[in-house]
>>> print(open('run-v6.txt').read())   # compact mmCIF, C-alpha atoms
# COMPACT_ATOMS: atom_id res chain seq x y z
CA MET F 683 -10.71 143.71 104.56
CA PHE F 684 -10.09 145.27 101.19
CA ILE F 685 -8.24 148.16 102.69
CA MET F 686 -6.18 145.91 104.86
CA SER F 687 -4.82 143.87 102.01
CA GLU F 688 -3.79 147.04 100.22
CA GLU F 689 -1.92 148.13 103.27
CA LEU F 690 -0.22 144.81 103.46
CA GLU F 691 0.96 145.09 99.90
CA CYS F 692 2.54 148.48 100.49
CA ILE F 693 4.44 147.59 103.65
CA LYS F 694 7.09 144.96 103.18
CA GLU F 695 7.39 143.14 106.44
CA GLU F 696 10.75 142.55 107.93
CA ILE F 697 11.09 139.62 110.21
CA PHE F 698 14.07 139.01 112.44
CA LEU F 699 14.42 135.41 113.40
CA ARG F 700 16.55 133.99 116.19
CA VAL F 701 16.27 130.27 116.63
CA LYS F 702 16.41 128.72 120.10
CA ARG F 703 18.92 126.00 120.77
CA VAL F 704 17.10 123.44 122.88
CA VAL F 705 13.37 123.16 123.29
CA LYS F 706 11.25 120.74 125.29
CA ALA F 707 7.96 119.52 123.91
CA GLN F 708 5.21 117.02 124.59
CA PRO F 709 4.43 114.16 122.27
CA ASN F 710 1.80 115.09 119.67
CA GLN F 711 2.23 118.77 120.28
CA THR F 712 2.01 121.13 117.37
CA LEU F 713 5.01 123.37 117.46
CA VAL F 714 4.32 126.98 116.66
CA LEU F 715 6.90 129.57 115.86
CA ALA F 716 6.93 131.05 119.35
CA ASP F 717 8.04 127.70 120.76
CA LEU F 718 11.01 127.37 118.50
CA ALA F 719 12.37 130.84 117.96
CA GLU F 720 12.30 134.47 118.93
CA VAL F 721 10.89 136.77 116.32
CA ILE F 722 10.60 140.46 115.96
CA THR F 723 8.46 142.11 113.36
CA ASN F 724 5.95 144.92 112.96
CA LYS F 725 3.76 145.13 115.99
CA ASP F 726 0.49 144.25 114.34
CA LEU F 727 1.93 141.12 112.82
CA GLN F 728 3.81 139.86 115.88
CA ASP F 729 0.99 137.78 117.33
CA GLN F 730 -0.01 136.34 114.01
CA LEU F 731 3.59 135.45 113.26
CA GLU F 732 4.15 133.72 116.54
CA GLN F 733 1.23 131.39 115.95
CA VAL F 734 2.52 130.10 112.64
CA LYS F 735 2.49 126.34 112.75
CA VAL F 736 5.82 124.84 111.97
CA LYS F 737 5.73 121.13 112.59
CA GLU F 738 3.96 118.47 114.52
CA VAL F 739 5.81 116.30 116.97
CA THR F 740 5.72 112.83 115.52
CA LYS F 741 8.20 111.06 117.71
CA LYS F 742 7.66 109.46 121.07
CA ALA F 743 8.74 110.60 124.49
CA GLY F 744 12.43 110.21 125.14
CA GLN F 745 13.47 110.90 121.55
CA SER F 746 14.57 114.10 119.92
CA MET F 747 13.86 115.91 116.71
CA ILE F 748 15.90 118.39 114.80
CA ILE F 749 14.20 121.28 113.09
CA THR F 750 16.37 123.32 110.82
CA ALA F 751 15.98 127.03 110.41
CA LEU F 752 15.05 126.46 106.80
CA GLU F 753 11.92 124.58 107.76
CA ILE F 754 10.98 127.44 110.01
CA ILE F 755 11.60 129.95 107.26
CA ARG F 756 9.53 127.87 104.87
CA ALA F 757 6.63 127.89 107.31
CA ILE F 758 6.91 131.65 107.63
CA LYS F 759 7.02 132.11 103.87
CA ILE F 760 3.82 130.16 103.42
CA ASN F 761 2.00 132.60 105.64
CA PHE F 762 3.86 135.79 104.80
CA PRO F 763 5.05 135.40 101.23
CA GLN F 764 6.44 138.91 100.94
CA ALA F 765 8.31 139.12 104.18
CA GLY F 766 12.01 139.70 104.26
CA ILE F 767 13.52 137.37 106.79
CA GLU F 768 16.75 138.05 108.59
CA HIS F 769 18.23 135.09 110.36
CA LEU F 770 20.47 135.55 113.37
CA GLY F 771 22.30 132.92 115.36
CA GLU F 772 22.15 129.14 115.30
CA ALA F 773 20.68 127.23 112.42
CA ASP F 774 19.11 124.24 114.14
CA VAL F 775 16.83 123.52 117.04
CA ILE F 776 16.96 120.37 119.11
CA VAL F 777 13.51 119.40 120.28
CA ASP F 778 13.55 117.03 123.26
CA ILE F 779 10.32 115.17 123.60
CA GLU F 780 9.27 114.47 127.14
CA ASP F 781 6.04 113.45 128.70
CA THR F 782 5.90 115.81 131.64
CA SER F 783 3.10 114.06 133.45
CA GLN F 784 5.06 110.85 133.52
CA ARG F 785 8.26 112.65 134.40
CA ASN F 786 7.08 114.10 137.65
CA LEU F 787 6.19 110.72 139.02
CA THR F 788 9.16 108.55 138.10
CA ASP F 789 12.01 111.01 137.84
CA ASN F 790 11.58 112.10 141.41
CA GLN F 791 14.43 112.31 143.83
CA PRO F 792 16.87 109.45 143.95
CA SER F 793 16.37 107.31 147.01
CA LYS F 794 18.22 108.10 150.18
CA LEU F 795 20.01 104.77 150.11
CA TYR F 796 21.42 105.60 146.70
CA VAL F 797 22.73 108.96 147.82
CA PHE F 798 24.18 107.38 150.93
CA ALA F 799 26.01 104.77 148.90
CA ILE F 800 27.44 107.42 146.59
CA GLY F 801 28.48 109.45 149.60
CA VAL F 802 30.29 106.49 151.13
CA ILE F 803 32.12 105.77 147.89
CA LEU F 804 33.15 109.39 147.52
CA PHE F 805 34.29 109.67 151.11
CA PHE F 806 36.51 106.62 151.12
CA GLY F 807 37.62 107.24 147.57
CA ALA F 808 38.81 110.73 148.39
CA ALA F 809 40.63 109.47 151.50
CA MET F 810 42.34 106.76 149.50
CA ALA F 811 43.25 109.17 146.75
CA ILE F 812 44.98 111.54 149.09
CA MET F 813 46.77 108.71 150.89
CA ASN F 814 48.03 107.33 147.63
CA PHE F 815 49.10 110.78 146.57
CA HIS F 816 51.17 111.13 149.72
CA ALA F 817 52.78 107.77 149.21
CA ASP F 818 53.42 108.61 145.59
CA VAL F 819 55.34 111.79 146.22
CA SER F 820 57.06 110.49 149.38
CA MET F 821 55.72 113.34 151.38
CA VAL F 822 56.97 111.62 154.52
CA LYS F 823 60.59 112.41 153.79
CA VAL F 824 59.84 115.98 152.85
CA HIS F 825 57.95 116.59 156.06
CA GLN F 826 60.74 115.06 158.10
CA GLN F 827 63.21 117.34 156.35
CA ILE F 828 61.14 120.43 156.93
CA TYR F 829 60.65 119.50 160.56
CA LYS F 830 64.39 119.02 160.98
CA LEU F 831 65.03 122.32 159.25
CA ILE F 832 62.89 124.30 161.64
CA MET F 833 63.05 122.39 164.89
CA GLY F 834 66.64 121.28 164.72
CA LYS F 835 66.04 117.67 165.64
CA SER F 836 64.72 114.90 163.47
CA LYS F 837 61.56 113.06 164.32
CA GLU F 838 60.08 110.10 162.59
CA ASN F 839 56.49 111.17 162.87
CA PRO F 840 56.40 114.98 162.92
CA LEU F 841 52.83 115.33 164.09
CA LEU F 842 53.23 119.00 164.80
CA LEU F 843 53.66 119.55 161.08
CA ASN F 844 51.30 116.92 159.84
CA ILE F 845 48.15 117.84 161.67
CA PRO F 846 48.09 121.50 160.64
CA TYR F 847 48.90 120.22 157.18
CA SER F 848 45.78 118.10 157.12
CA ILE F 849 43.63 120.97 158.32
CA GLY F 850 45.18 123.24 155.73
CA LEU F 851 44.35 120.64 153.09
CA GLY F 852 40.67 121.03 153.75
CA PHE F 853 41.03 124.78 154.00
CA GLY F 854 42.74 124.98 150.62
CA MET F 855 40.03 122.99 148.94
CA ILE F 856 37.36 125.17 150.46
CA ILE F 857 39.13 128.27 149.21
CA PHE F 858 39.32 126.86 145.74
CA PHE F 859 35.66 126.01 145.50
CA ASN F 860 34.64 129.11 147.38
CA LYS F 861 31.67 127.45 148.96
CA ILE F 862 31.10 125.03 151.75
CA TYR F 863 27.68 123.52 152.16
CA LYS F 864 25.82 126.26 150.28
CA TYR F 865 27.61 129.06 152.10
CA LYS F 866 29.60 131.17 149.68
CA PHE F 867 32.35 133.41 150.87
CA ASN F 868 32.48 136.12 148.28
CA LYS F 869 29.05 135.83 146.69
CA ASP F 870 30.59 136.92 143.46
CA ASP F 871 31.97 134.97 140.59
CA PRO F 872 30.83 131.45 139.83
CA SER F 873 32.56 128.63 141.61
CA PRO F 874 34.72 126.37 139.42
CA LEU F 875 32.18 123.62 139.95
CA GLU F 876 29.47 125.65 138.28
CA ILE F 877 31.79 126.51 135.44
CA GLU F 878 32.61 122.85 134.96
CA MET F 879 28.95 121.91 134.96
CA TYR F 880 28.25 124.55 132.34
CA LEU F 881 31.15 123.43 130.16
CA TYR F 882 30.13 119.82 130.45
CA LYS F 883 26.53 120.55 129.54
CA ASN F 884 27.67 122.57 126.55
CA LYS F 885 29.88 119.76 125.37
CA VAL F 886 27.09 117.25 125.69
CA ASN F 887 24.65 119.49 123.87
CA GLN F 888 27.01 120.26 121.06
CA PHE F 889 27.89 116.64 120.59
CA SER F 890 24.31 115.44 120.62
CA LEU F 891 23.41 118.16 118.14
CA HIS F 892 26.19 117.00 115.89
CA GLN F 893 25.21 113.37 116.30
CA LYS F 894 21.56 113.98 115.57
CA THR F 895 22.35 116.10 112.56
CA GLU F 896 24.37 113.22 111.22
CA LEU F 897 21.51 110.82 111.87
CA ALA F 898 19.01 113.14 110.24
CA LYS F 899 21.23 113.46 107.18
CA ASN F 900 21.56 109.71 106.91
CA ASN F 901 17.84 109.18 107.22
CA ASP F 902 17.06 111.68 104.50
CA MET B 91 86.06 117.22 131.22
CA LYS B 92 83.65 115.14 133.24
CA ALA B 93 82.94 118.11 135.42
CA ILE B 94 81.71 120.08 132.42
CA LEU B 95 79.45 117.20 131.43
CA LEU B 96 78.03 117.02 134.92
CA ILE B 97 77.43 120.72 135.01
CA LEU B 98 75.68 120.55 131.68
CA ILE B 99 73.48 117.67 132.71
CA GLY B 100 72.61 119.28 136.02
CA PHE B 101 71.74 122.54 134.36
CA SER B 102 69.52 120.94 131.74
CA GLU B 103 67.79 118.87 134.40
CA GLY B 104 67.08 122.01 136.33
CA VAL B 105 65.67 123.81 133.34
CA ILE B 106 63.29 121.03 132.44
CA VAL B 107 62.12 120.43 135.99
CA GLY B 108 61.60 124.12 136.50
CA VAL B 109 59.54 124.42 133.37
CA ALA B 110 57.54 121.35 134.39
CA LEU B 111 56.85 122.79 137.80
CA VAL B 112 55.59 126.08 136.45
CA ALA B 113 53.54 124.31 133.79
CA PHE B 114 52.01 122.17 136.52
CA LEU B 115 50.98 125.24 138.44
CA MET B 116 49.64 126.93 135.35
CA VAL B 117 47.67 124.04 133.92
CA LEU B 118 45.62 123.59 137.00
CA ASP B 119 44.55 127.22 137.05
CA VAL B 120 45.36 127.43 140.73
CA ILE B 121 47.20 130.72 140.59
CA PRO B 122 44.73 132.49 138.31
CA ARG B 123 41.95 131.38 140.61
CA LEU B 124 43.72 132.77 143.64
CA ILE B 125 44.44 136.03 141.87
CA ASP B 126 40.80 136.23 140.89
CA LEU B 127 39.61 135.62 144.43
CA SER B 128 41.86 138.26 145.89
CA ASN B 129 41.51 140.84 143.11
CA SER B 130 45.24 141.35 143.11
CA GLU B 131 46.09 141.37 139.46
CA ASN B 132 48.63 144.10 139.99
CA SER B 133 50.86 141.87 142.04
CA ILE B 134 51.39 139.26 139.37
CA PHE B 135 55.06 140.08 139.04
CA LEU B 136 55.49 139.78 142.75
CA TYR B 137 53.93 136.34 142.63
CA GLN B 138 56.23 135.27 139.85
CA LYS B 139 59.29 136.29 141.80
CA LEU B 140 57.99 134.56 144.89
CA ILE B 141 57.41 131.32 143.04
CA VAL B 142 60.95 131.36 141.70
CA LEU B 143 62.39 132.21 145.09
CA GLY B 144 60.31 129.53 146.74
CA SER B 145 61.50 126.90 144.32
CA ILE B 146 65.12 127.82 144.90
CA PHE B 147 64.54 127.70 148.63
CA GLY B 148 63.05 124.25 148.20
CA VAL B 149 66.11 123.08 146.32
CA ILE B 150 68.42 124.37 148.98
CA THR B 151 66.40 122.70 151.69
CA ASP B 152 66.45 119.45 149.81
CA PHE B 153 70.14 119.24 149.20
CA PHE B 154 71.71 120.87 152.19
CA ASN B 155 71.02 119.89 155.77
CA LEU B 156 70.30 123.22 157.28
CA THR B 157 68.70 123.81 160.64
CA LEU B 158 67.27 126.91 162.18
CA PRO B 159 68.57 128.11 165.53
CA ASN B 160 66.54 127.08 168.54
CA ILE B 161 64.36 129.95 169.66
CA PHE B 162 61.98 127.88 171.68
CA PHE B 163 58.35 128.37 171.13
CA ILE B 164 58.75 130.29 167.89
CA ASN B 165 59.98 127.10 166.31
CA LYS B 166 56.87 125.18 167.19
CA LEU B 167 54.65 128.00 166.09
CA LEU B 168 56.52 128.22 162.81
CA VAL B 169 56.09 124.51 162.24
CA ILE B 170 52.37 124.73 162.78
CA ILE B 171 51.98 127.73 160.51
CA ILE B 172 54.08 126.26 157.74
CA GLY B 173 52.23 122.97 158.01
CA PHE B 174 48.96 124.82 157.56
CA ILE B 175 50.27 126.70 154.55
CA PHE B 176 51.54 123.47 152.98
CA GLY B 177 48.16 121.93 153.45
CA THR B 178 46.41 124.89 151.92
CA PHE B 179 48.53 124.73 148.82
CA ILE B 180 48.11 121.02 148.36
CA GLY B 181 44.41 121.40 149.00
CA LEU B 182 44.17 123.95 146.22
CA VAL B 183 46.07 121.68 143.87
CA ALA B 184 44.03 118.64 144.85
CA ALA B 185 40.82 120.54 144.31
CA ALA B 186 41.93 121.61 140.87
CA LEU B 187 42.83 118.14 139.73
CA THR B 188 40.53 116.40 137.37
CA GLU B 189 39.68 113.80 139.92
CA THR B 190 37.71 116.27 141.94
CA LEU B 191 36.77 119.03 139.58
CA LYS B 192 35.35 117.01 136.73
CA VAL B 193 34.10 114.05 138.72
CA LEU B 194 31.43 116.01 140.51
CA PRO B 195 29.64 117.55 137.52
CA LEU B 196 29.86 114.28 135.67
CA LEU B 197 28.44 112.32 138.58
CA SER B 198 25.68 114.75 139.21
CA LYS B 199 24.56 114.69 135.62
CA ARG B 200 25.00 110.96 135.04
CA LEU B 201 23.46 109.80 138.27
CA GLY B 202 20.90 112.52 138.66
CA LEU B 203 22.29 113.99 141.86
CA LYS B 204 22.16 117.67 140.97
CA ASP B 205 20.52 118.69 144.22
CA TYR B 206 23.08 116.94 146.35
CA MET B 207 26.19 118.44 144.87
CA ASP B 208 26.90 120.64 147.87
CA GLU B 209 26.69 117.75 150.28
CA LEU B 210 28.81 115.54 148.06
CA LEU B 211 31.48 118.19 147.74
CA PHE B 212 31.59 118.50 151.48
CA ILE B 213 31.90 114.75 151.81
CA ILE B 214 34.82 114.70 149.40
CA ILE B 215 36.63 117.44 151.28
CA LEU B 216 35.99 115.76 154.61
CA GLY B 217 37.18 112.46 153.18
CA LYS B 218 40.44 113.99 152.09
CA VAL B 219 41.10 115.67 155.42
CA ILE B 220 40.33 112.56 157.43
CA GLY B 221 42.31 110.40 155.05
CA SER B 222 45.31 112.64 155.46
CA LEU B 223 44.97 112.62 159.24
CA ILE B 224 44.73 108.85 159.33
CA TYR B 225 47.75 108.56 157.08
CA TRP B 226 49.89 110.57 159.44
CA LEU B 227 48.52 109.23 162.68
CA PHE B 228 49.19 105.62 161.81
CA PRO B 229 52.86 105.28 160.85
CA THR B 230 52.32 101.70 159.78
CA LEU B 231 50.75 103.07 156.63
CA TRP B 232 53.96 104.64 155.41
CA PHE B 233 56.66 103.03 157.47
CA ALA B 234 57.46 100.45 154.85
CA GLY B 235 58.43 103.19 152.42
>>> encode(input="run-v6.txt", output="structure tokens")
Amino acid sequence: MFIMSEELECIKEEIFLRVKRVVKAQPNQTLVLADLAEVITNKDLQDQLEQVKVKEVTKKAGQSMIITALEIIRAIKINFPQAGIEHLGEADVIVDIEDTSQRNLTDNQPSKLYVFAIGVILFFGAAMAIMNFHADVSMVKVHQQIYKLIMGKSKENPLLLNIPYSIGLGFGMIIFFNKIYKYKFNKDDPSPLEIEMYLYKNKVNQFSLHQKTELAKNND
Amino acid sequence: MKAILLILIGFSEGVIVGVALVAFLMVLDVIPRLIDLSNSENSIFLYQKLIVLGSIFGVITDFFNLTLPNIFFINKLLVIIIGFIFGTFIGLVAAALTETLKVLPLLSKRLGLKDYMDELLFIIILGKVIGSLIYWLFPTLWFAG
């Protein structure tokens, strides 16, 4: 023991700290460093460092807490007063508090009726949208003109043009999204849908982080 | 004197509409997406020229009553092919519009339907195709216009 403390005084520990962005936790859980951030330090200290207690979850399920990097650094300093801490990346962690046992029961899959209703709305909505689009841009006249251009005679309802057009409509949309019913064509880059989901999630996360920081500032 | 005014107005109209058309194509990211899918970044200049040529061809078609000579079945085949190409383009544009692209992620997150997104996308596409077919097959829908 005596020798160990001498060794500790000679080596100045360097700790690299990278805080996670979003963390899920249970109510009444004690958050240790490993839950909230990634740390790198000398090998013999790594385990000890990761078990440093940072904060206890005081809020209830469904709410969120914000833990700033400074609180984390303070907790580290209490246990390793001589460590040099390098901080990389974000400065706050959002802790979402969920009760996982409850979640698995209630948050199951939405009922089939619900999905069916949404499907019906989407189906008819999309049909209406495209019909209104056609009426809006007077596609009728354009098609009649094109038909007259190629065939030489005018026809009021150029079905020969319209039906391939409708099929091509679906084809174009499939090309754009690059997947139809889980079957991807190129198996390469992400489909625009996935990109949109990612962007939307990012926006929501950033905004809620901003909002909660504001709330936390007002409460302090 | 009036002729010069007309020419000026026509020219300015053309410039603005042209810019609007290209901006419309750009904003929706349709062309970059196609270029990405086909890995043909080298042909960007070709695409630019084709867009310009296509627009001019569209103007000519609109304002002058041209007809192609009657080479029997080629005409019908051409109509079918061009109809398909039209549909593909409009399908790409319709898919890139906000109403489809942003509705789905929003819905799936808001209403908790993440697992069903593939099915819902398919339903939307099917809805559009069938809606278009119905629109054309029943002239009463557009006859009043």
>>> residues_around(input="run-v6.txt", residues="Glu738 in chain F", least_positions_apart="5", cutoff="10 Å", atoms="all atoms listed in the file", output="MDAnalysis selection string")
chainID F and resid 709:714
>>> interface_residues(input="run-v6.txt", of="chain F", to="chain B", cutoff="7 Å", atoms="only C-alpha atoms", output="PyMOL selection string")
chain F and resi 801+804-806+808-810+812-813+829-834+842-855+858+862-864+875+878-879
>>> write_last_selection(input="run-v6.txt", atoms="C-alpha atoms", output="mmCIF file, in the frame of the given file")
data_model
loop_
_atom_site.group_PDB
_atom_site.id
_atom_site.type_symbol
_atom_site.label_atom_id
_atom_site.label_comp_id
_atom_site.auth_asym_id
_atom_site.auth_seq_id
_atom_site.Cartn_x
_atom_site.Cartn_y
_atom_site.Cartn_z
ATOM 1 C CA GLY F 801 28.480 109.450 149.600
ATOM 2 C CA LEU F 804 33.150 109.390 147.520
ATOM 3 C CA PHE F 805 34.290 109.670 151.110
ATOM 4 C CA PHE F 806 36.510 106.620 151.120
ATOM 5 C CA ALA F 808 38.810 110.730 148.390
ATOM 6 C CA ALA F 809 40.630 109.470 151.500
ATOM 7 C CA MET F 810 42.340 106.760 149.500
ATOM 8 C CA ILE F 812 44.980 111.540 149.090
ATOM 9 C CA MET F 813 46.770 108.710 150.890
ATOM 10 C CA TYR F 829 60.650 119.500 160.560
ATOM 11 C CA LYS F 830 64.390 119.020 160.980
ATOM 12 C CA LEU F 831 65.030 122.320 159.250
ATOM 13 C CA ILE F 832 62.890 124.300 161.640
ATOM 14 C CA MET F 833 63.050 122.390 164.890
ATOM 15 C CA GLY F 834 66.640 121.280 164.720
ATOM 16 C CA LEU F 842 53.230 119.000 164.800
ATOM 17 C CA LEU F 843 53.660 119.550 161.080
ATOM 18 C CA ASN F 844 51.300 116.920 159.840
ATOM 19 C CA ILE F 845 48.150 117.840 161.670
ATOM 20 C CA PRO F 846 48.090 121.500 160.640
ATOM 21 C CA TYR F 847 48.900 120.220 157.180
ATOM 22 C CA SER F 848 45.780 118.100 157.120
ATOM 23 C CA ILE F 849 43.630 120.970 158.320
ATOM 24 C CA GLY F 850 45.180 123.240 155.730
ATOM 25 C CA LEU F 851 44.350 120.640 153.090
ATOM 26 C CA GLY F 852 40.670 121.030 153.750
ATOM 27 C CA PHE F 853 41.030 124.780 154.000
ATOM 28 C CA GLY F 854 42.740 124.980 150.620
ATOM 29 C CA MET F 855 40.030 122.990 148.940
ATOM 30 C CA PHE F 858 39.320 126.860 145.740
ATOM 31 C CA ILE F 862 31.100 125.030 151.750
ATOM 32 C CA TYR F 863 27.680 123.520 152.160
ATOM 33 C CA LYS F 864 25.820 126.260 150.280
ATOM 34 C CA LEU F 875 32.180 123.620 139.950
ATOM 35 C CA GLU F 878 32.610 122.850 134.960
ATOM 36 C CA MET F 879 28.950 121.910 134.960
#
>>> atom_distance(input="run-v6.txt", atom1="CA of Asp774 in chain F", atom2="CA of Lys737 in chain F")
13.8 Å
>>> residues_around(input="run-v6.txt", residues="Ala765 in chain F", least_positions_apart="3", cutoff="9 Å", atoms="all atoms listed in the file", output="VMD selection string")
chain F and resid 694 to 697 758 to 759 762
>>> decode(input="run-v6.txt", residues="range 209-218 of chain B", atoms="all heavy atoms", output="mmCIF file, in the first residue's frame")
data_model
loop_
_atom_site.group_PDB
_atom_site.id
_atom_site.type_symbol
_atom_site.label_atom_id
_atom_site.label_comp_id
_atom_site.auth_asym_id
_atom_site.auth_seq_id
_atom_site.Cartn_x
_atom_site.Cartn_y
_atom_site.Cartn_z
ATOM 1 N N GLU B 209 -43.890 -0.975 -45.471
ATOM 2 C CA GLU B 209 -45.243 -1.211 -45.981
ATOM 3 C C GLU B 209 -45.922 0.098 -46.318
ATOM 4 O O GLU B 209 -46.591 0.223 -47.341
ATOM 5 C CB GLU B 209 -46.087 -1.958 -44.941
ATOM 6 C CG GLU B 209 -45.838 -3.437 -44.891
ATOM 7 C CD GLU B 209 -44.761 -3.790 -43.896
ATOM 8 O OE1 GLU B 209 -43.870 -2.967 -43.684
ATOM 9 O OE2 GLU B 209 -44.828 -4.870 -43.331
ATOM 10 N N LEU B 210 -45.752 1.093 -45.434
ATOM 11 C CA LEU B 210 -46.442 2.364 -45.662
ATOM 12 C C LEU B 210 -45.922 3.041 -46.914
ATOM 13 O O LEU B 210 -46.692 3.639 -47.667
ATOM 14 C CB LEU B 210 -46.262 3.282 -44.453
ATOM 15 C CG LEU B 210 -47.044 2.838 -43.220
ATOM 16 C CD1 LEU B 210 -46.813 3.803 -42.092
ATOM 17 C CD2 LEU B 210 -48.509 2.767 -43.539
ATOM 18 N N LEU B 211 -44.615 2.940 -47.145
ATOM 19 C CA LEU B 211 -44.084 3.533 -48.365
ATOM 20 C C LEU B 211 -44.710 2.886 -49.582
ATOM 21 O O LEU B 211 -45.112 3.549 -50.535
ATOM 22 C CB LEU B 211 -42.562 3.359 -48.402
ATOM 23 C CG LEU B 211 -41.905 3.891 -49.661
ATOM 24 C CD1 LEU B 211 -42.073 5.380 -49.717
ATOM 25 C CD2 LEU B 211 -40.447 3.539 -49.682
ATOM 26 N N PHE B 212 -44.808 1.554 -49.519
ATOM 27 C CA PHE B 212 -45.390 0.854 -50.649
ATOM 28 C C PHE B 212 -46.840 1.274 -50.860
ATOM 29 O O PHE B 212 -47.306 1.424 -51.992
ATOM 30 C CB PHE B 212 -45.303 -0.651 -50.409
ATOM 31 C CG PHE B 212 -45.763 -1.450 -51.572
ATOM 32 C CD1 PHE B 212 -45.038 -1.457 -52.742
ATOM 33 C CD2 PHE B 212 -46.931 -2.186 -51.501
ATOM 34 C CE1 PHE B 212 -45.461 -2.190 -53.826
ATOM 35 C CE2 PHE B 212 -47.355 -2.924 -52.585
ATOM 36 C CZ PHE B 212 -46.624 -2.928 -53.749
ATOM 37 N N ILE B 213 -47.545 1.469 -49.749
ATOM 38 C CA ILE B 213 -48.941 1.893 -49.872
ATOM 39 C C ILE B 213 -49.039 3.259 -50.518
ATOM 40 O O ILE B 213 -49.901 3.502 -51.375
ATOM 41 C CB ILE B 213 -49.614 1.897 -48.491
ATOM 42 C CG1 ILE B 213 -49.843 0.467 -48.038
ATOM 43 C CG2 ILE B 213 -50.931 2.626 -48.537
ATOM 44 C CD1 ILE B 213 -50.532 0.377 -46.721
ATOM 45 N N ILE B 214 -48.125 4.155 -50.142
ATOM 46 C CA ILE B 214 -48.165 5.490 -50.745
ATOM 47 C C ILE B 214 -47.925 5.408 -52.243
ATOM 48 O O ILE B 214 -48.639 6.008 -53.047
ATOM 49 C CB ILE B 214 -47.134 6.420 -50.089
ATOM 50 C CG1 ILE B 214 -47.595 6.792 -48.690
ATOM 51 C CG2 ILE B 214 -46.949 7.664 -50.901
ATOM 52 C CD1 ILE B 214 -46.742 7.843 -48.053
ATOM 53 N N ILE B 215 -46.915 4.627 -52.625
ATOM 54 C CA ILE B 215 -46.600 4.532 -54.052
ATOM 55 C C ILE B 215 -47.777 3.934 -54.812
ATOM 56 O O ILE B 215 -48.192 4.438 -55.862
ATOM 57 C CB ILE B 215 -45.334 3.672 -54.261
ATOM 58 C CG1 ILE B 215 -44.138 4.393 -53.681
ATOM 59 C CG2 ILE B 215 -45.114 3.397 -55.722
ATOM 60 C CD1 ILE B 215 -42.846 3.666 -53.886
ATOM 61 N N LEU B 216 -48.337 2.865 -54.252
ATOM 62 C CA LEU B 216 -49.479 2.225 -54.893
ATOM 63 C C LEU B 216 -50.650 3.192 -55.004
ATOM 64 O O LEU B 216 -51.336 3.246 -56.029
ATOM 65 C CB LEU B 216 -49.891 1.005 -54.070
ATOM 66 C CG LEU B 216 -50.663 -0.052 -54.829
ATOM 67 C CD1 LEU B 216 -49.777 -0.617 -55.907
ATOM 68 C CD2 LEU B 216 -51.096 -1.132 -53.874
ATOM 69 N N GLY B 217 -50.852 3.981 -53.949
ATOM 70 C CA GLY B 217 -51.938 4.952 -53.955
ATOM 71 C C GLY B 217 -51.767 5.945 -55.097
ATOM 72 O O GLY B 217 -52.721 6.277 -55.796
ATOM 73 N N LYS B 218 -50.524 6.390 -55.283
ATOM 74 C CA LYS B 218 -50.307 7.373 -56.333
ATOM 75 C C LYS B 218 -50.550 6.770 -57.708
ATOM 76 O O LYS B 218 -51.180 7.381 -58.571
ATOM 77 C CB LYS B 218 -48.875 7.922 -56.251
ATOM 78 C CG LYS B 218 -48.701 8.783 -55.024
ATOM 79 C CD LYS B 218 -47.776 9.955 -55.287
ATOM 80 C CE LYS B 218 -47.521 10.678 -53.995
ATOM 81 N NZ LYS B 218 -47.926 12.023 -53.937
#
